[in-house]
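K.L.:
Supplied in structure tokens, the structure appears directly below.
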Protein chains: 2
Amino acid sequence: MIETPYLLFLGDAPDPLAAKVAQGIKDWRPENCVGQFRLEGCKADLKIPDMTLAEAKAAGAKTLVIGVANRGGVISQTWKKVLVEALEEGFDLASGLHNLLRDEEDLAAVARATGRTLHDVRIPSVKYPIANGEPRKGKRLLAVGTDCSVGKMYTALALDAAMREKGMKSTFRATGQTGILITGDGVPLDAVIADFMAGSIEYLTPDNDDDHWDIIEGQGSLFHVSYSGVTMALVHGGQPDALVLCHEPTRSHMRGLPGYQLPTIEAVRDMALTLAQVANPACKVIGVSINTQHMGEDEAVAYCKEIEDRMGLPCVDPYRHGAERLAEAVAAL
Amino acid sequence: MIETPYLLFLGDAPDPLAAKVAQGIKDWRPENCVGQFRLEGCKADLKIPDMTLAEAKAAGAKTLVIGVANRGGVISQTWKKVLVEALEEGFDLASGLHNLLRDEEDLAAVARATGRTLHDVRIPSVKYPIANGEPRKGKRLLAVGTDCSVGKMYTALALDAAMREKGMKSTFRATGQTGILITGDGVPLDAVIADFMAGSIEYLTPDNDDDHWDIIEGQGSLFHVSYSGVTMALVHGGQPDALVLCHEPTRSHMRGLPGYQLPTIEAVRDMALTLAQVANPACKVIGVSINTQHMGEDEAVAYCKEIEDRMGLPCVDPYRHGAERLAEAVAAL
């Protein structure tokens, strides 16, 4: 559990995209962000107050979150200076970088000396159990996709927000690095040991109120041969009561797999539902989420309408049109 | 890669079952076993020569393999004495124990001093790639099961032996600890990091002769909610051309999951084939392997006949009836 609120470190981001983790945190949990810390030459701007470490500390910030990708997988000396100073001023550090904070000898030494915590969210901090498959109280929804990176995290975050807006009990459950930094907690599923994958998702979504929903961030795709095992663990470990199908219509092939066509949304529906019903026979597909970022407005609306008619399910782009209709479909279950 | 031949360490096994790893090595790779090493009170006997370390060394043994389960997860001082002496006499050590040889400070120190290798086959020794899904030369067969522990390893080993008997090119590919100790090589799939599972199986079964078959040991079951993600990685990483369905007919529920019924063999056929064809559209189911150990001879024969008629596929218990008919089905593909 990463302590909030955060000061978001944008470093010397060469463009806004490099700071997309920070942008995600600011978009989805603005209440967790007291300000941003930018170095000279930073080309990203979250439109929240620029703060020094001392100012952020005074504003209550507990953790400096590295919300920017580092160039070439190296934590530069320019960054180091700020990170060391932050530890000395009493901040914890949190990072989703591939190279770990704890592997940087200077940071590890200062963290030890100051008693601060280095959160490397790419690797698990918990010894997860093996899944026991027992039914749990409360409800769960899982986002499943035709492919990787089709908007499963965005869909889950938007749906969680729309459900809470309606007064429903809902918690977004992060299963990837960005999601973990956004919410301060979660399971970095792609880094979990094979035998414990499904168990880690049971751990992430424990017993809860009967009318509470865990909205579980999906990973990979049952049809993506590199990562399908990870997706499978979510389907069985999550024991979902509801599935949302996520799709990006303009892909010419599966991400990173030039030889592989995307499955149809119907194929994902049938495969995911059949497998989900092994763990939860009551599971239902409640809607479709389309990532229309590469489509014009008219095209996007027409496409969602077409899928809605074809599948007989509510179909929206939650970014473009909001997730209210998906939230209504959950409420109607 | 563990160096062969082996001296099999049976320790103070309280009964033959405790030495089942050693028994498996002796049954499937007798040519790799120069002898057995037993301590006082050992109740297991592989019916191969008892040897001292010096005798085994003289007979050419390269590795002392711990072929016995340890009591309470502790490597006792009685064992330690032998293991240290073995390192000093020039043996490598290999173990599938949960507690690792390398975590025993005395063994690690002696191994360093003598330049010998400690093989802990429970954990990967390779940095596996992420799966790329590209088609590979040669053929592959995967054993898939209705449940865990229904005989997938045995089926794969028996089929590999029967195929080689027929003069076919075949290699058993181990994906679990016992299989790795039997063959000296393989992937401990249940201990691989999630993102690299499918890639580890691609690594295990690389390009080969067009008429060569990799016979891949299965793990878990697509219908076993604790381990289905591991199975999925085998189905997609293995890119099988052929599947054998494995079943044990007397189970009242899924192993370790009292609330879960076993799927039908037909359900496993349909699910595994649909998923396998994502990676290899030419994949076919070629036969059924039944573990009839809890059935009388008449009942076993009648059951296999019934399944054979019902499924329209060769159906045998390879332990009871041999794997020749499965090998013929592979040859006929």
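Here's how to read the names in the structure tokens: chain A, B, ... by the order shown, residue numbers from 1 in each chain, ligand numbers from 1 in the order shown.
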Within 7 Å of chain B, which residues belong to chain A? Use only C-alpha atoms and report them as JSON, numbers by chain.
P.N.:
{"A": [130, 131, 132, 133, 190, 191, 192, 193, 194, 195, 198, 199, 223, 225, 226, 227, 228, 229, 230, 232, 233, 236, 237, 257, 278, 279]}
K.L.:
Least-squares superpose chain B onto chain A - every C-alpha atom, paired in order - and show me the moved coordinates as a compact mmCIF listing (two decimals) with C-alpha atoms, in the first residue's frame.
P.N.:
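Saved result, result-v3.txt, follows:
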# COMPACT_ATOMS: atom_id res chain seq x y z
CA MET B 1 -0.01 0.00 -0.03
CA ILE B 2 1.50 3.29 -1.19
CA GLU B 3 0.80 6.24 1.10
CA THR B 4 -1.17 9.11 -0.45
CA PRO B 5 -1.33 11.95 -1.37
CA TYR B 6 1.41 12.08 -3.97
CA LEU B 7 3.80 14.59 -5.43
CA LEU B 8 4.04 13.58 -9.11
CA PHE B 9 7.57 13.55 -10.49
CA LEU B 10 7.60 14.40 -14.21
CA GLY B 11 11.38 14.77 -14.48
CA ASP B 12 12.62 15.96 -17.84
CA ALA B 13 9.81 14.28 -19.83
CA PRO B 14 10.57 14.87 -23.53
CA ASP B 15 6.84 15.01 -24.38
CA PRO B 16 3.44 14.62 -22.67
CA LEU B 17 3.23 10.91 -23.64
CA ALA B 18 6.35 10.15 -21.58
CA ALA B 19 4.41 11.31 -18.51
CA LYS B 20 1.30 9.24 -19.19
CA VAL B 21 1.49 7.42 -15.86
CA ALA B 22 1.39 10.76 -14.03
CA GLN B 23 -1.43 11.88 -16.33
CA GLY B 24 -3.40 8.73 -15.47
CA ILE B 25 -2.99 9.34 -11.75
CA LYS B 26 -4.06 12.97 -12.11
CA ASP B 27 -7.04 12.09 -14.35
CA TRP B 28 -8.38 9.27 -12.15
CA ARG B 29 -7.32 10.21 -8.64
CA PRO B 30 -6.90 14.02 -8.64
CA GLU B 31 -7.57 13.99 -4.90
CA ASN B 32 -4.33 12.00 -4.49
CA CYS B 33 -2.16 14.61 -6.22
CA VAL B 34 -0.96 17.70 -4.35
CA GLY B 35 1.25 18.89 -7.20
CA GLN B 36 3.84 18.13 -9.85
CA PHE B 37 7.63 18.31 -9.74
CA ARG B 38 9.29 19.18 -13.05
CA LEU B 39 12.95 19.47 -14.02
CA GLU B 40 14.31 21.96 -16.50
CA GLY B 41 13.27 21.11 -20.04
CA CYS B 42 10.22 19.09 -19.00
CA LYS B 43 7.72 19.09 -21.89
CA ALA B 44 4.81 17.63 -19.92
CA ASP B 45 2.38 19.61 -17.80
CA LEU B 46 -0.51 18.17 -15.78
CA LYS B 47 -1.95 21.64 -15.06
CA ILE B 48 -1.60 21.18 -11.32
CA PRO B 49 0.64 23.31 -9.09
CA ASP B 50 4.41 23.04 -9.57
CA MET B 51 5.91 22.42 -6.16
CA THR B 52 9.29 22.07 -4.52
CA LEU B 53 9.77 19.11 -2.22
CA ALA B 54 9.33 21.38 0.80
CA GLU B 55 6.12 22.88 -0.56
CA ALA B 56 4.69 19.45 -1.33
CA LYS B 57 5.66 18.22 2.14
CA ALA B 58 3.90 21.20 3.68
CA ALA B 59 0.85 20.40 1.54
CA GLY B 60 0.77 16.90 3.04
CA ALA B 61 2.35 14.79 0.28
CA LYS B 62 3.62 11.43 1.54
CA THR B 63 5.07 9.81 -1.58
CA LEU B 64 7.01 11.03 -4.60
CA VAL B 65 5.69 9.00 -7.53
CA ILE B 66 7.83 8.67 -10.64
CA GLY B 67 5.14 9.31 -13.22
CA VAL B 68 7.45 9.42 -16.22
CA ALA B 69 9.33 6.89 -18.32
CA ASN B 70 13.11 7.09 -18.03
CA ARG B 71 15.24 7.24 -21.16
CA GLY B 72 17.18 4.11 -21.99
CA GLY B 73 16.28 2.38 -18.75
CA VAL B 74 18.74 4.47 -16.74
CA ILE B 75 17.90 6.60 -13.70
CA SER B 76 19.96 9.69 -14.49
CA GLN B 77 22.04 11.67 -11.99
CA THR B 78 19.66 14.62 -12.45
CA TRP B 79 16.80 12.44 -11.25
CA LYS B 80 18.90 10.89 -8.51
CA LYS B 81 19.55 14.23 -6.87
CA VAL B 82 15.82 14.85 -6.47
CA LEU B 83 15.03 11.29 -5.40
CA VAL B 84 17.71 11.29 -2.68
CA GLU B 85 16.56 14.67 -1.44
CA ALA B 86 12.95 13.46 -1.36
CA LEU B 87 13.91 10.47 0.82
CA GLU B 88 15.85 12.79 3.12
CA GLU B 89 12.84 15.09 3.42
CA GLY B 90 10.64 12.18 4.45
CA PHE B 91 8.95 11.07 1.23
CA ASP B 92 8.57 7.46 0.22
CA LEU B 93 9.31 6.78 -3.45
CA ALA B 94 7.08 4.81 -5.83
CA SER B 95 7.99 3.68 -9.32
CA GLY B 96 6.79 1.41 -12.10
CA LEU B 97 10.09 1.60 -13.96
CA HIS B 98 11.61 -1.60 -15.31
CA ASN B 99 14.85 -0.94 -13.49
CA LEU B 100 14.08 -1.03 -9.81
CA LEU B 101 14.66 1.71 -7.26
CA ARG B 102 15.90 -0.91 -4.81
CA ASP B 103 18.64 -1.92 -7.24
CA GLU B 104 20.11 1.60 -7.14
CA GLU B 105 22.63 1.34 -4.33
CA ASP B 106 22.54 5.00 -3.38
CA LEU B 107 18.75 5.12 -3.18
CA ALA B 108 18.62 1.87 -1.22
CA ALA B 109 21.23 3.19 1.24
CA VAL B 110 19.45 6.51 1.80
CA ALA B 111 16.08 4.76 2.17
CA ARG B 112 17.55 2.49 4.84
CA ALA B 113 19.17 5.39 6.65
CA THR B 114 16.03 7.53 6.61
CA GLY B 115 13.58 4.69 7.24
CA ARG B 116 11.64 5.47 4.05
CA THR B 117 10.07 2.92 1.70
CA LEU B 118 10.93 2.30 -1.96
CA HIS B 119 7.82 0.98 -3.76
CA ASP B 120 8.76 -0.85 -6.96
CA VAL B 121 5.31 -1.71 -8.22
CA ARG B 122 6.64 -3.91 -11.04
CA ILE B 123 7.33 -6.70 -8.60
CA PRO B 124 5.05 -8.29 -6.02
CA SER B 125 5.48 -7.29 -2.41
CA VAL B 126 3.22 -10.09 -1.15
CA LYS B 127 3.61 -13.88 -1.00
CA TYR B 128 0.35 -14.79 -2.72
CA PRO B 129 -1.53 -18.02 -1.97
CA ILE B 130 -2.46 -20.73 -4.45
CA ALA B 131 -6.06 -20.16 -5.54
CA ASN B 132 -8.62 -22.22 -3.64
CA GLY B 133 -11.56 -21.48 -5.95
CA GLU B 134 -13.98 -20.97 -3.07
CA PRO B 135 -16.91 -18.60 -3.73
CA ARG B 136 -16.47 -15.17 -2.17
CA LYS B 137 -19.08 -12.70 -0.96
CA GLY B 138 -19.68 -9.57 -2.98
CA LYS B 139 -19.66 -9.08 -6.75
CA ARG B 140 -16.86 -8.86 -9.30
CA LEU B 141 -16.58 -7.59 -12.84
CA LEU B 142 -13.67 -8.24 -15.18
CA ALA B 143 -12.70 -6.40 -18.36
CA VAL B 144 -11.59 -8.85 -21.07
CA GLY B 145 -10.23 -7.84 -24.46
CA THR B 146 -9.83 -9.00 -28.02
CA ASP B 147 -6.19 -7.91 -27.70
CA CYS B 148 -3.66 -6.24 -25.38
CA SER B 149 -3.86 -2.45 -24.92
CA VAL B 150 -7.42 -2.04 -26.17
CA GLY B 151 -8.57 0.03 -23.17
CA LYS B 152 -9.29 -2.49 -20.43
CA MET B 153 -7.78 -0.35 -17.65
CA TYR B 154 -9.51 2.77 -18.87
CA THR B 155 -12.81 0.91 -19.14
CA ALA B 156 -12.52 -0.45 -15.61
CA LEU B 157 -11.57 2.95 -14.15
CA ALA B 158 -14.40 4.71 -16.01
CA LEU B 159 -16.93 2.08 -15.01
CA ASP B 160 -15.82 2.24 -11.37
CA ALA B 161 -16.22 6.03 -11.43
CA ALA B 162 -19.64 5.83 -13.09
CA MET B 163 -20.86 3.26 -10.59
CA ARG B 164 -19.75 5.34 -7.63
CA GLU B 165 -21.39 8.35 -9.27
CA LYS B 166 -24.64 6.36 -9.22
CA GLY B 167 -24.12 5.63 -5.53
CA MET B 168 -23.12 2.02 -6.06
CA LYS B 169 -20.37 0.41 -3.94
CA SER B 170 -17.42 -0.14 -6.22
CA THR B 171 -13.63 -0.54 -6.03
CA PHE B 172 -11.24 -0.49 -8.98
CA ARG B 173 -8.77 -3.37 -8.57
CA ALA B 174 -5.47 -2.76 -10.31
CA THR B 175 -3.57 -5.64 -11.90
CA GLY B 176 -0.87 -3.64 -13.72
CA GLN B 177 1.79 -1.08 -12.86
CA THR B 178 -0.07 2.04 -13.94
CA GLY B 179 -3.24 0.95 -12.21
CA ILE B 180 -1.31 0.24 -9.02
CA LEU B 181 0.28 3.69 -9.04
CA ILE B 182 -3.12 5.29 -9.71
CA THR B 183 -4.81 3.62 -6.77
CA GLY B 184 -1.79 2.96 -4.54
CA ASP B 185 -2.50 -0.76 -4.36
CA GLY B 186 -2.96 -3.85 -6.50
CA VAL B 187 -1.27 -6.93 -7.97
CA PRO B 188 1.48 -6.65 -10.64
CA LEU B 189 0.10 -9.80 -12.25
CA ASP B 190 2.58 -10.06 -15.11
CA ALA B 191 5.37 -10.41 -12.54
CA VAL B 192 3.70 -13.05 -10.37
CA ILE B 193 5.04 -16.63 -10.32
CA ALA B 194 2.88 -18.91 -12.49
CA ASP B 195 1.50 -21.10 -9.69
CA PHE B 196 0.24 -18.11 -7.72
CA MET B 197 -1.39 -16.03 -10.46
CA ALA B 198 -5.01 -17.01 -9.82
CA GLY B 199 -4.39 -16.90 -6.08
CA SER B 200 -3.10 -13.33 -6.34
CA ILE B 201 -6.40 -12.30 -7.89
CA GLU B 202 -8.39 -14.06 -5.19
CA TYR B 203 -6.24 -12.14 -2.69
CA LEU B 204 -6.92 -8.87 -4.53
CA THR B 205 -10.69 -9.32 -4.52
CA PRO B 206 -11.63 -10.80 -1.14
CA ASP B 207 -15.01 -11.19 0.55
CA ASN B 208 -16.95 -7.96 0.58
CA ASP B 209 -20.46 -6.57 1.08
CA ASP B 210 -23.10 -8.40 -0.96
CA ASP B 211 -23.77 -5.26 -2.99
CA HIS B 212 -20.12 -4.27 -3.45
CA TRP B 213 -18.44 -4.61 -6.84
CA ASP B 214 -14.76 -5.14 -7.48
CA ILE B 215 -14.04 -3.78 -10.95
CA ILE B 216 -10.99 -5.79 -12.01
CA GLU B 217 -8.53 -4.39 -14.52
CA GLY B 218 -7.94 -6.93 -17.28
CA GLN B 219 -4.59 -7.95 -18.77
CA GLY B 220 -3.67 -9.43 -22.14
CA SER B 221 -6.25 -11.47 -24.03
CA LEU B 222 -7.31 -15.11 -24.11
CA PHE B 223 -6.41 -14.89 -27.80
CA HIS B 224 -2.98 -13.28 -27.36
CA VAL B 225 -0.55 -16.21 -27.36
CA SER B 226 2.16 -14.34 -25.42
CA TYR B 227 -0.02 -13.44 -22.43
CA SER B 228 -3.15 -15.61 -22.54
CA GLY B 229 -2.11 -17.48 -19.39
CA VAL B 230 -2.18 -14.22 -17.46
CA THR B 231 -5.67 -13.47 -18.75
CA MET B 232 -6.80 -16.98 -17.84
CA ALA B 233 -5.70 -16.45 -14.24
CA LEU B 234 -7.88 -13.32 -14.08
CA VAL B 235 -10.90 -15.17 -15.46
CA HIS B 236 -10.57 -17.99 -12.92
CA GLY B 237 -9.04 -16.14 -9.96
CA GLY B 238 -11.44 -13.22 -10.33
CA GLN B 239 -14.57 -15.42 -10.36
CA PRO B 240 -16.35 -12.60 -12.19
CA ASP B 241 -20.12 -12.19 -12.00
CA ALA B 242 -19.93 -9.90 -15.01
CA LEU B 243 -17.67 -9.40 -18.00
CA VAL B 244 -17.21 -6.32 -20.20
CA LEU B 245 -15.77 -7.02 -23.64
CA CYS B 246 -13.15 -4.51 -24.82
CA HIS B 247 -12.13 -3.94 -28.43
CA GLU B 248 -10.17 -1.57 -30.65
CA PRO B 249 -11.58 -1.86 -34.18
CA THR B 250 -8.71 -0.49 -36.28
CA ARG B 251 -5.98 -3.01 -35.46
CA SER B 252 -4.63 -4.90 -38.45
CA HIS B 253 -3.17 -7.66 -36.24
CA MET B 254 -2.67 -8.66 -32.61
CA ARG B 255 -0.31 -6.35 -30.76
CA GLY B 256 3.28 -7.53 -31.27
CA LEU B 257 2.13 -10.58 -33.29
CA PRO B 258 2.09 -9.67 -36.99
CA GLY B 259 0.91 -13.17 -37.99
CA TYR B 260 -2.20 -13.14 -35.79
CA GLN B 261 -5.60 -11.68 -36.63
CA LEU B 262 -7.82 -10.29 -33.89
CA PRO B 263 -10.67 -12.55 -32.81
CA THR B 264 -14.23 -11.34 -33.24
CA ILE B 265 -15.93 -9.82 -30.21
CA GLU B 266 -18.29 -12.80 -30.36
CA ALA B 267 -15.37 -15.25 -30.11
CA VAL B 268 -14.09 -13.45 -27.00
CA ARG B 269 -17.59 -13.41 -25.52
CA ASP B 270 -18.03 -17.15 -26.01
CA MET B 271 -14.55 -18.17 -24.87
CA ALA B 272 -14.37 -15.86 -21.84
CA LEU B 273 -17.89 -16.71 -20.70
CA THR B 274 -17.41 -20.47 -21.02
CA LEU B 275 -14.19 -20.27 -19.00
CA ALA B 276 -15.57 -17.81 -16.43
CA GLN B 277 -18.56 -20.06 -15.78
CA VAL B 278 -16.19 -22.81 -14.61
CA ALA B 279 -15.48 -20.63 -11.55
CA ASN B 280 -18.81 -18.79 -11.43
CA PRO B 281 -21.72 -20.40 -13.29
CA ALA B 282 -23.77 -17.20 -12.87
CA CYS B 283 -21.35 -15.04 -14.86
CA LYS B 284 -22.87 -12.86 -17.58
CA VAL B 285 -21.53 -10.54 -20.28
CA ILE B 286 -23.03 -7.11 -19.59
CA GLY B 287 -21.65 -4.83 -22.29
CA VAL B 288 -19.03 -3.89 -24.85
CA SER B 289 -16.43 -1.12 -24.59
CA ILE B 290 -14.95 0.18 -27.83
CA ASN B 291 -11.76 2.21 -28.03
CA THR B 292 -12.63 4.61 -30.88
CA GLN B 293 -9.58 6.86 -30.59
CA HIS B 294 -8.67 6.28 -34.23
CA MET B 295 -12.19 7.02 -35.54
CA GLY B 296 -14.06 10.21 -36.30
CA GLU B 297 -17.11 11.06 -34.19
CA ASP B 298 -19.70 9.86 -36.72
CA GLU B 299 -17.80 6.71 -37.44
CA ALA B 300 -17.40 6.01 -33.71
CA VAL B 301 -21.10 6.44 -33.00
CA ALA B 302 -22.07 4.32 -36.00
CA TYR B 303 -19.63 1.57 -35.02
CA CYS B 304 -20.89 1.38 -31.44
CA LYS B 305 -24.49 1.28 -32.73
CA GLU B 306 -23.61 -1.53 -35.11
CA ILE B 307 -21.96 -3.61 -32.37
CA GLU B 308 -24.82 -2.90 -30.00
CA ASP B 309 -27.34 -4.20 -32.53
CA ARG B 310 -25.18 -7.14 -33.50
CA MET B 311 -24.41 -8.29 -29.95
CA GLY B 312 -27.61 -7.24 -28.19
CA LEU B 313 -25.53 -5.54 -25.49
CA PRO B 314 -24.91 -1.91 -24.49
CA CYS B 315 -21.87 -0.70 -26.42
CA VAL B 316 -20.01 2.54 -25.71
CA ASP B 317 -16.63 4.18 -25.88
CA PRO B 318 -16.35 5.16 -22.20
CA TYR B 319 -13.78 7.85 -22.98
CA ARG B 320 -15.94 9.46 -25.64
CA HIS B 321 -19.44 8.72 -24.41
CA GLY B 322 -19.03 7.97 -20.70
CA ALA B 323 -19.49 4.65 -18.93
CA GLU B 324 -22.99 5.35 -17.55
CA ARG B 325 -24.73 2.81 -19.76
CA LEU B 326 -22.28 0.12 -18.66
CA ALA B 327 -22.88 1.10 -15.03
CA GLU B 328 -26.63 0.81 -15.63
CA ALA B 329 -26.12 -2.65 -17.08
CA VAL B 330 -24.21 -3.67 -13.95
CA ALA B 331 -26.92 -2.21 -11.73
CA ALA B 332 -29.58 -4.12 -13.68
CA LEU B 333 -27.89 -7.49 -13.07
K.L.:
So which bits of range 233-298 of chain B end up helix (DSSP H, G or I) when you DSSP the backbone, as a PyMOL selection string?
P.N.:
chain B and resi 233-237+265-279+297-298
K.L.:
Could you save the residues just selected, with N, CA and C atoms, as a PDB file, in the first residue's frame?
P.N.:
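And here is the file that came out, out_7.pdb:
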ATOM      1  N   ALA B 233      -0.667 -21.370 -21.038  1.00  0.00           N
ATOM      2  CA  ALA B 233       0.647 -21.026 -21.591  1.00  0.00           C
ATOM      3  C   ALA B 233       1.233 -22.196 -22.379  1.00  0.00           C
ATOM      4  N   LEU B 234       0.940 -23.414 -21.957  1.00  0.00           N
ATOM      5  CA  LEU B 234       1.405 -24.601 -22.691  1.00  0.00           C
ATOM      6  C   LEU B 234       0.673 -24.723 -24.027  1.00  0.00           C
ATOM      7  N   VAL B 235      -0.629 -24.459 -23.994  1.00  0.00           N
ATOM      8  CA  VAL B 235      -1.432 -24.589 -25.220  1.00  0.00           C
ATOM      9  C   VAL B 235      -0.969 -23.566 -26.259  1.00  0.00           C
ATOM     10  N   HIS B 236      -0.672 -22.338 -25.816  1.00  0.00           N
ATOM     11  CA  HIS B 236      -0.279 -21.307 -26.779  1.00  0.00           C
ATOM     12  C   HIS B 236       1.219 -21.293 -27.041  1.00  0.00           C
ATOM     13  N   GLY B 237       2.038 -21.492 -26.003  1.00  0.00           N
ATOM     14  CA  GLY B 237       3.485 -21.501 -26.206  1.00  0.00           C
ATOM     15  C   GLY B 237       3.946 -22.764 -26.930  1.00  0.00           C
ATOM     16  N   ILE B 265     -14.650 -35.223 -20.945  1.00  0.00           N
ATOM     17  CA  ILE B 265     -13.521 -35.278 -21.888  1.00  0.00           C
ATOM     18  C   ILE B 265     -13.856 -34.451 -23.135  1.00  0.00           C
ATOM     19  N   GLU B 266     -15.118 -34.473 -23.512  1.00  0.00           N
ATOM     20  CA  GLU B 266     -15.547 -33.678 -24.674  1.00  0.00           C
ATOM     21  C   GLU B 266     -15.338 -32.186 -24.441  1.00  0.00           C
ATOM     22  N   ALA B 267     -15.633 -31.721 -23.217  1.00  0.00           N
ATOM     23  CA  ALA B 267     -15.459 -30.286 -22.926  1.00  0.00           C
ATOM     24  C   ALA B 267     -13.993 -29.896 -23.022  1.00  0.00           C
ATOM     25  N   VAL B 268     -13.104 -30.781 -22.547  1.00  0.00           N
ATOM     26  CA  VAL B 268     -11.667 -30.497 -22.634  1.00  0.00           C
ATOM     27  C   VAL B 268     -11.223 -30.516 -24.094  1.00  0.00           C
ATOM     28  N   ARG B 269     -11.732 -31.496 -24.843  1.00  0.00           N
ATOM     29  CA  ARG B 269     -11.405 -31.555 -26.276  1.00  0.00           C
ATOM     30  C   ARG B 269     -11.772 -30.233 -26.958  1.00  0.00           C
ATOM     31  N   ASP B 270     -12.991 -29.786 -26.750  1.00  0.00           N
ATOM     32  CA  ASP B 270     -13.466 -28.599 -27.468  1.00  0.00           C
ATOM     33  C   ASP B 270     -12.708 -27.342 -27.037  1.00  0.00           C
ATOM     34  N   MET B 271     -12.530 -27.190 -25.729  1.00  0.00           N
ATOM     35  CA  MET B 271     -11.865 -25.991 -25.218  1.00  0.00           C
ATOM     36  C   MET B 271     -10.400 -25.973 -25.631  1.00  0.00           C
ATOM     37  N   ALA B 272      -9.700 -27.082 -25.420  1.00  0.00           N
ATOM     38  CA  ALA B 272      -8.260 -27.117 -25.716  1.00  0.00           C
ATOM     39  C   ALA B 272      -8.020 -26.953 -27.218  1.00  0.00           C
ATOM     40  N   LEU B 273      -8.860 -27.577 -28.023  1.00  0.00           N
ATOM     41  CA  LEU B 273      -8.656 -27.500 -29.471  1.00  0.00           C
ATOM     42  C   LEU B 273      -8.928 -26.089 -29.982  1.00  0.00           C
ATOM     43  N   THR B 274     -10.001 -25.478 -29.511  1.00  0.00           N
ATOM     44  CA  THR B 274     -10.311 -24.108 -29.944  1.00  0.00           C
ATOM     45  C   THR B 274      -9.161 -23.171 -29.599  1.00  0.00           C
ATOM     46  N   LEU B 275      -8.633 -23.297 -28.392  1.00  0.00           N
ATOM     47  CA  LEU B 275      -7.537 -22.428 -27.964  1.00  0.00           C
ATOM     48  C   LEU B 275      -6.243 -22.761 -28.703  1.00  0.00           C
ATOM     49  N   ALA B 276      -5.966 -24.049 -28.889  1.00  0.00           N
ATOM     50  CA  ALA B 276      -4.722 -24.444 -29.568  1.00  0.00           C
ATOM     51  C   ALA B 276      -4.720 -23.948 -31.010  1.00  0.00           C
ATOM     52  N   GLN B 277      -5.896 -23.928 -31.639  1.00  0.00           N
ATOM     53  CA  GLN B 277      -5.951 -23.517 -33.042  1.00  0.00           C
ATOM     54  C   GLN B 277      -5.716 -22.015 -33.233  1.00  0.00           C
ATOM     55  N   VAL B 278      -5.753 -21.243 -32.143  1.00  0.00           N
ATOM     56  CA  VAL B 278      -5.350 -19.840 -32.233  1.00  0.00           C
ATOM     57  C   VAL B 278      -3.868 -19.774 -32.645  1.00  0.00           C
ATOM     58  N   ALA B 279      -3.057 -20.636 -32.043  1.00  0.00           N
ATOM     59  CA  ALA B 279      -1.616 -20.627 -32.323  1.00  0.00           C
ATOM     60  C   ALA B 279      -1.250 -21.542 -33.484  1.00  0.00           C
ATOM     61  N   GLU B 297      -9.253 -54.898 -14.155  1.00  0.00           N
ATOM     62  CA  GLU B 297      -8.857 -55.055 -15.553  1.00  0.00           C
ATOM     63  C   GLU B 297     -10.063 -54.994 -16.497  1.00  0.00           C
ATOM     64  N   ASP B 298     -11.128 -55.736 -16.172  1.00  0.00           N
ATOM     65  CA  ASP B 298     -12.302 -55.749 -17.046  1.00  0.00           C
ATOM     66  C   ASP B 298     -12.927 -54.359 -17.154  1.00  0.00           C
TER      67      ASP B 298
END
